[in-house]
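One file, target-v3.pdb, is given below (PDB, C-alpha atoms, pLDDT in the B column).
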ATOM      1  CA  MET A 646    -172.858  71.633 -82.946  1.00 60.00           C
ATOM      2  CA  VAL A 647    -175.071  72.372 -79.924  1.00 62.00           C
ATOM      3  CA  ALA A 648    -172.207  74.279 -78.278  1.00 62.00           C
ATOM      4  CA  ALA A 649    -171.710  76.436 -81.366  1.00 65.00           C
ATOM      5  CA  LEU A 650    -175.445  77.079 -81.706  1.00 69.00           C
ATOM      6  CA  SER A 651    -175.765  77.976 -78.031  1.00 70.00           C
ATOM      7  CA  HIS A 652    -172.812  80.346 -78.264  1.00 66.00           C
ATOM      8  CA  GLU A 653    -174.129  81.974 -81.433  1.00 73.00           C
ATOM      9  CA  LEU A 654    -177.582  82.468 -79.890  1.00 78.00           C
ATOM     10  CA  ASN A 655    -176.198  83.936 -76.671  1.00 75.00           C
ATOM     11  CA  ASN A 656    -174.453  86.774 -78.527  1.00 75.00           C
ATOM     12  CA  PRO A 657    -177.565  88.332 -80.117  1.00 81.00           C
ATOM     13  CA  VAL A 658    -179.571  87.671 -76.951  1.00 83.00           C
ATOM     14  CA  GLY A 659    -177.004  89.740 -75.032  1.00 82.00           C
ATOM     15  CA  VAL A 660    -177.226  92.583 -77.560  1.00 82.00           C
ATOM     16  CA  ILE A 661    -181.031  92.604 -77.429  1.00 87.00           C
ATOM     17  CA  ALA A 662    -181.003  92.565 -73.617  1.00 85.00           C
ATOM     18  CA  SER A 663    -178.608  95.512 -73.559  1.00 86.00           C
ATOM     19  CA  ASN A 664    -180.714  97.434 -76.081  1.00 85.00           C
ATOM     20  CA  LEU A 665    -183.890  96.810 -74.092  1.00 87.00           C
ATOM     21  CA  ALA A 666    -182.248  98.079 -70.906  1.00 86.00           C
ATOM     22  CA  THR A 667    -181.157 101.241 -72.733  1.00 87.00           C
ATOM     23  CA  GLN A 668    -184.615 101.627 -74.251  1.00 87.00           C
ATOM     24  CA  GLU A 669    -186.200 101.406 -70.796  1.00 86.00           C
ATOM     25  CA  LYS A 670    -183.923 104.238 -69.574  1.00 87.00           C
ATOM     26  CA  TRP A 671    -184.904 106.377 -72.552  1.00 86.00           C
ATOM     27  CA  ILE A 672    -188.601 105.751 -71.950  1.00 85.00           C
ATOM     28  CA  GLN A 673    -188.122 106.965 -68.365  1.00 84.00           C
ATOM     29  CA  ARG A 674    -186.249 110.088 -69.552  1.00 84.00           C
ATOM     30  CA  ILE A 675    -188.940 110.886 -72.115  1.00 84.00           C
ATOM     31  CA  ALA A 676    -191.627 110.444 -69.449  1.00 81.00           C
ATOM     32  CA  GLU A 677    -189.770 112.838 -67.142  1.00 81.00           C
ATOM     33  CA  ALA A 678    -189.341 115.408 -69.933  1.00 80.00           C
ATOM     34  CA  PHE A 679    -193.021 115.279 -70.922  1.00 76.00           C
ATOM     35  CA  SER A 680    -194.149 115.566 -67.326  1.00 75.00           C
ATOM     36  CA  LEU A 681    -192.897 119.165 -67.488  1.00 72.00           C
ATOM     37  CA  ILE A 682    -195.158 119.957 -70.458  1.00 71.00           C
ATOM     38  CA  PRO A 683    -198.852 120.355 -69.509  1.00 66.00           C
ATOM     39  CA  THR A 684    -200.378 119.664 -72.972  1.00 68.00           C
ATOM     40  CA  ASN A 685    -201.515 116.219 -74.140  1.00 69.00           C
ATOM     41  CA  LEU A 686    -200.045 114.555 -71.066  1.00 75.00           C
ATOM     42  CA  ASP A 687    -202.654 111.790 -71.036  1.00 78.00           C
ATOM     43  CA  LYS A 688    -201.856 110.755 -74.607  1.00 78.00           C
ATOM     44  CA  VAL A 689    -198.097 110.877 -74.000  1.00 78.00           C
ATOM     45  CA  ASN A 690    -198.436 108.836 -70.807  1.00 79.00           C
ATOM     46  CA  LYS A 691    -200.546 106.248 -72.632  1.00 83.00           C
ATOM     47  CA  LEU A 692    -197.962 105.915 -75.416  1.00 81.00           C
ATOM     48  CA  LEU A 693    -195.127 105.663 -72.917  1.00 83.00           C
ATOM     49  CA  GLY A 694    -197.057 103.015 -70.994  1.00 85.00           C
ATOM     50  CA  ILE A 695    -197.472 100.981 -74.177  1.00 87.00           C
ATOM     51  CA  GLY A 696    -193.738 101.338 -74.831  1.00 85.00           C
ATOM     52  CA  GLN A 697    -192.948 100.095 -71.331  1.00 86.00           C
ATOM     53  CA  GLU A 698    -195.304  97.111 -71.689  1.00 88.00           C
ATOM     54  CA  LEU A 699    -193.719  96.131 -75.004  1.00 87.00           C
ATOM     55  CA  ASN A 700    -190.273  96.473 -73.481  1.00 86.00           C
ATOM     56  CA  GLN A 701    -191.211  94.324 -70.465  1.00 86.00           C
ATOM     57  CA  GLY A 702    -192.697  91.655 -72.746  1.00 86.00           C
ATOM     58  CA  SER A 703    -189.450  91.529 -74.707  1.00 88.00           C
ATOM     59  CA  VAL A 704    -187.401  91.263 -71.511  1.00 86.00           C
ATOM     60  CA  LEU A 705    -189.531  88.317 -70.345  1.00 86.00           C
ATOM     61  CA  ALA A 706    -189.157  86.617 -73.735  1.00 85.00           C
ATOM     62  CA  LEU A 707    -185.380  87.013 -73.540  1.00 86.00           C
ATOM     63  CA  LYS A 708    -185.355  85.485 -70.072  1.00 84.00           C
ATOM     64  CA  ARG A 709    -187.229  82.472 -71.436  1.00 82.00           C
ATOM     65  CA  ILE A 710    -184.695  82.137 -74.263  1.00 84.00           C
ATOM     66  CA  ARG A 711    -181.821  82.275 -71.783  1.00 82.00           C
ATOM     67  CA  VAL A 712    -183.450  79.610 -69.596  1.00 79.00           C
ATOM     68  CA  MET A 713    -183.979  77.372 -72.631  1.00 79.00           C
ATOM     69  CA  LEU A 714    -180.349  77.815 -73.711  1.00 80.00           C
ATOM     70  CA  GLU A 715    -179.215  76.867 -70.212  1.00 76.00           C
ATOM     71  CA  ARG A 716    -181.497  73.826 -70.199  1.00 74.00           C
ATOM     72  CA  LEU A 717    -180.198  72.831 -73.621  1.00 74.00           C
ATOM     73  CA  ARG A 718    -176.640  73.073 -72.330  1.00 72.00           C
ATOM     74  CA  GLU A 719    -177.564  71.019 -69.268  1.00 69.00           C
ATOM     75  CA  PHE A 720    -179.486  68.502 -71.357  1.00 66.00           C
ATOM     76  CA  THR A 721    -176.580  67.819 -73.661  1.00 65.00           C
ATOM     77  CA  HIS A 722    -173.991  68.234 -70.887  1.00 60.00           C
ATOM     78  CA  LEU A 723    -171.576  69.981 -73.202  1.00 55.00           C
ATOM     79  CA  ASP A 724    -168.967  70.157 -70.476  1.00 55.00           C
ATOM     80  CA  GLU A 725    -169.549  66.620 -69.202  1.00 55.00           C
ATOM     81  CA  ALA A 726    -169.107  64.016 -71.944  1.00 61.00           C
ATOM     82  CA  GLU A 727    -167.324  61.580 -69.633  1.00 77.00           C
ATOM     83  CA  THR A 728    -168.733  59.034 -67.261  1.00 84.00           C
ATOM     84  CA  LYS A 729    -169.266  60.458 -63.780  1.00 87.00           C
ATOM     85  CA  TYR A 730    -171.499  60.339 -60.712  1.00 91.00           C
ATOM     86  CA  VAL A 731    -174.905  61.807 -61.508  1.00 91.00           C
ATOM     87  CA  ASP A 732    -178.134  62.627 -59.691  1.00 93.00           C
ATOM     88  CA  VAL A 733    -180.672  60.527 -61.600  1.00 93.00           C
ATOM     89  CA  ASN A 734    -183.679  62.576 -60.428  1.00 94.00           C
ATOM     90  CA  HIS A 735    -182.036  65.789 -61.645  1.00 92.00           C
ATOM     91  CA  GLU A 736    -181.368  64.224 -65.052  1.00 90.00           C
ATOM     92  CA  LEU A 737    -184.961  62.962 -65.253  1.00 92.00           C
ATOM     93  CA  LEU A 738    -186.333  66.443 -64.481  1.00 92.00           C
ATOM     94  CA  THR A 739    -183.949  68.022 -66.999  1.00 88.00           C
ATOM     95  CA  ALA A 740    -185.219  65.635 -69.680  1.00 88.00           C
ATOM     96  CA  LEU A 741    -188.810  66.455 -68.711  1.00 90.00           C
ATOM     97  CA  GLU A 742    -188.117  70.175 -69.110  1.00 86.00           C
ATOM     98  CA  MET A 743    -186.630  69.598 -72.550  1.00 82.00           C
ATOM     99  CA  VAL A 744    -189.740  67.785 -73.827  1.00 85.00           C
ATOM    100  CA  LYS A 745    -192.198  70.051 -71.982  1.00 85.00           C
ATOM    101  CA  SER A 746    -193.166  71.878 -75.182  1.00 80.00           C
ATOM    102  CA  GLU A 747    -194.308  68.541 -76.652  1.00 85.00           C
ATOM    103  CA  ILE A 748    -196.692  67.842 -73.781  1.00 88.00           C
ATOM    104  CA  GLY A 749    -200.283  68.759 -74.590  1.00 85.00           C
ATOM    105  CA  THR A 750    -202.707  70.450 -72.242  1.00 87.00           C
ATOM    106  CA  GLU A 751    -204.624  67.190 -71.801  1.00 91.00           C
ATOM    107  CA  VAL A 752    -201.598  65.514 -70.195  1.00 92.00           C
ATOM    108  CA  GLN A 753    -200.913  65.632 -66.489  1.00 93.00           C
ATOM    109  CA  ILE A 754    -197.428  64.831 -65.202  1.00 93.00           C
ATOM    110  CA  GLN A 755    -197.225  63.332 -61.721  1.00 93.00           C
ATOM    111  CA  LYS A 756    -193.832  62.975 -60.054  1.00 94.00           C
ATOM    112  CA  ASP A 757    -192.983  60.663 -57.188  1.00 94.00           C
ATOM    113  CA  LEU A 758    -189.220  60.832 -56.995  1.00 94.00           C
ATOM    114  CA  GLY A 759    -187.540  58.952 -54.201  1.00 93.00           C
ATOM    115  CA  THR A 760    -184.230  59.630 -52.525  1.00 93.00           C
ATOM    116  CA  LEU A 761    -181.608  58.045 -54.741  1.00 94.00           C
ATOM    117  CA  PRO A 762    -177.885  57.512 -54.444  1.00 94.00           C
ATOM    118  CA  GLN A 763    -175.800  58.968 -57.239  1.00 93.00           C
ATOM    119  CA  ILE A 764    -174.870  56.513 -59.955  1.00 92.00           C
ATOM    120  CA  ILE A 765    -172.010  56.373 -62.411  1.00 91.00           C
ATOM    121  CA  SER A 766    -173.301  57.236 -65.888  1.00 89.00           C
ATOM    122  CA  LYS A 767    -172.919  59.485 -68.899  1.00 85.00           C
ATOM    123  CA  PRO A 768    -175.364  62.315 -68.146  1.00 84.00           C
ATOM    124  CA  GLY A 769    -176.035  63.216 -71.780  1.00 81.00           C
ATOM    125  CA  LYS A 770    -176.954  59.663 -72.700  1.00 83.00           C
ATOM    126  CA  LEU A 771    -179.087  59.333 -69.583  1.00 86.00           C
ATOM    127  CA  ASN A 772    -180.997  62.510 -70.546  1.00 84.00           C
ATOM    128  CA  LEU A 773    -181.582  61.213 -74.065  1.00 83.00           C
ATOM    129  CA  ALA A 774    -182.900  57.919 -72.701  1.00 87.00           C
ATOM    130  CA  PHE A 775    -185.252  59.679 -70.275  1.00 91.00           C
ATOM    131  CA  ALA A 776    -186.505  62.070 -72.980  1.00 88.00           C
ATOM    132  CA  SER A 777    -187.178  59.088 -75.231  1.00 88.00           C
ATOM    133  CA  LEU A 778    -189.125  57.297 -72.471  1.00 90.00           C
ATOM    134  CA  ILE A 779    -191.245  60.380 -71.812  1.00 91.00           C
ATOM    135  CA  ARG A 780    -191.965  60.803 -75.537  1.00 89.00           C
ATOM    136  CA  ASN A 781    -192.937  57.134 -75.767  1.00 91.00           C
ATOM    137  CA  ALA A 782    -195.301  57.577 -72.825  1.00 90.00           C
ATOM    138  CA  LEU A 783    -196.874  60.606 -74.539  1.00 90.00           C
ATOM    139  CA  GLN A 784    -197.473  58.538 -77.652  1.00 90.00           C
ATOM    140  CA  ALA A 785    -198.830  55.609 -75.645  1.00 91.00           C
ATOM    141  CA  ILE A 786    -201.500  57.747 -73.982  1.00 92.00           C
ATOM    142  CA  ASN A 787    -202.189  59.636 -77.212  1.00 90.00           C
ATOM    143  CA  GLN A 788    -201.567  63.011 -75.536  1.00 85.00           C
ATOM    144  CA  GLN A 789    -204.424  62.460 -73.065  1.00 89.00           C
ATOM    145  CA  GLY A 790    -204.174  61.259 -69.507  1.00 91.00           C
ATOM    146  CA  VAL A 791    -201.538  60.982 -66.831  1.00 93.00           C
ATOM    147  CA  ILE A 792    -197.856  60.185 -67.011  1.00 93.00           C
ATOM    148  CA  LYS A 793    -196.353  59.176 -63.692  1.00 93.00           C
ATOM    149  CA  LEU A 794    -192.615  59.529 -63.199  1.00 93.00           C
ATOM    150  CA  PHE A 795    -191.455  57.336 -60.352  1.00 93.00           C
ATOM    151  CA  SER A 796    -187.971  56.714 -58.997  1.00 93.00           C
ATOM    152  CA  SER A 797    -186.870  54.539 -56.128  1.00 93.00           C
ATOM    153  CA  HIS A 798    -183.882  52.806 -54.619  1.00 92.00           C
ATOM    154  CA  LYS A 799    -184.478  49.108 -53.897  1.00 88.00           C
ATOM    155  CA  ASN A 800    -182.041  46.324 -53.145  1.00 86.00           C
ATOM    156  CA  GLY A 801    -179.074  48.388 -54.283  1.00 84.00           C
ATOM    157  CA  ASN A 802    -180.753  49.297 -57.603  1.00 86.00           C
ATOM    158  CA  VAL A 803    -182.071  52.610 -58.871  1.00 86.00           C
ATOM    159  CA  GLU A 804    -185.435  52.192 -60.573  1.00 84.00           C
ATOM    160  CA  ILE A 805    -187.137  54.680 -62.886  1.00 82.00           C
ATOM    161  CA  THR A 806    -190.614  54.000 -64.263  1.00 74.00           C
ATOM    162  CA  ASP A 807    -193.145  55.999 -66.185  1.00 61.00           C
TER     163      ASP A 807
END

Before we go any further, please render this structure as structure tokens.
Amino acid sequence: MVAALSHELNNPVGVIASNLATQEKWIQRIAEAFSLIPTNLDKVNKLLGIGQELNQGSVLALKRIRVMLERLREFTHLDEAETKYVDVNHELLTALEMVKSEIGTEVQIQKDLGTLPQIISKPGKLNLAFASLIRNALQAINQQGVIKLFSSHKNGNVEITD
């Protein structure tokens, strides 16, 4: 389901990105054409500037959507359902990014991630577990305070605490 949703969202995002690029070219052409006409240039330039700002805002929003779609794909590991060697710190940070929108402004996240060996795991399940731990920590501190993410390698074991 996530794969289908991601694919379906990427199509309109691509169309919008293409349209915004074309719109930016047209704004530049209109600006060049009006620069040849001496009347009301200030008003035309102001309107074109507003058009460019709106266009740039839309481009930035599309970039954010693309990043979120990529993070969603990484989070669910659509291409990696099997057990494999994984970088635990990377999976922990991916889970953190996926729950970032749930973290209030009164919460500070501190990270102290040690050097870890890769472990054999199912990345998608690991991400879900980490996301659940982070959400539990948010509830425990009632959206106020500090959450510390700590990882270490001791006595042949990988340890993650929050």

(message) Neighbouring residues of A:Gly659 were defined as those with any atom within 12 Å, considering all atoms listed in the file; residues of the same chain fewer than 3 positions away were excluded. Please report them as a list in words.
(response) His652, Glu653, Leu654, Asn655, Asn656, Ala662, Ser663, Asn664, Leu665, Ala666, Val704, Leu707, Lys708, Ile710 and Arg711 of chain A

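Between A:Val689 and the residues A:Leu737, A:Val658, A:Ile672, A:Ala785, the shortest atom-to-atom distance, using only C-alpha atoms, involves A:Ile672.
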
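Relative to atom CA of A:Glu698, atom CA of A:Arg716 is found at 27.1 Å.
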
(request) One decimal, Å: what's the distance from atom CA of A:Asp732 over to atom CA of A:Ala776, could you say? (result) 15.7 Å

(message) If we count all atoms listed in the file and set the cut-off at 12 Å, which residues sit around A:Glu747, ignoring sequence neighbours fewer than 5 positions away in its own chain? Please answer as a PyMOL selection string.
(response) chain A and resi 740-742+752+776-777+779-784+787-788

(request) Using only C-alpha atoms, find the one residue out of A:Ser703, A:Gln789, A:Thr806, A:Asn734 that sits nearest to A:Gly749. (result) A:Gln789

(request) Rounded to one decimal place, report the atom CA of A:Ile805-atom CA of A:Leu717 distance in Å. (result)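 Value for the atom CA of A:Ile805-atom CA of A:Leu717 distance: 22.2 Å.
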
(message) Please list as a list in words every residue within 7 Å of stretch 791-797 of chain A, counting all atoms listed in the file and excluding residues in the same chain fewer than 2 positions away.
(response) Val752, Gln753, Ile754, Gln755, Lys756, Asp757, Leu758, Gly759, Thr760, Leu761, Ala782, Lys799, Val803, Glu804, Ile805, Thr806 and Asp807 of chain A

(message) I'd like to know which of A:Glu677, A:Glu736, A:Glu751, A:Glu669 is closest to A:Gln701, using all atoms listed in the file.
(response)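 The answer is A:Glu669, which sits nearest to A:Gln701.
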
Check which residues satisfy the PyMOL selection byres ((chain A and resi 763) around 6) in the file shown, then give them as a compact mmCIF listing (two decimals) with C-alpha atoms, keeping the file's coordinate frame.
# COMPACT_ATOMS: atom_id res chain seq x y z
CA TYR A 730 -171.50 60.34 -60.71
CA VAL A 731 -174.90 61.81 -61.51
CA ASP A 732 -178.13 62.63 -59.69
CA PRO A 762 -177.88 57.51 -54.44
CA ILE A 764 -174.87 56.51 -59.96
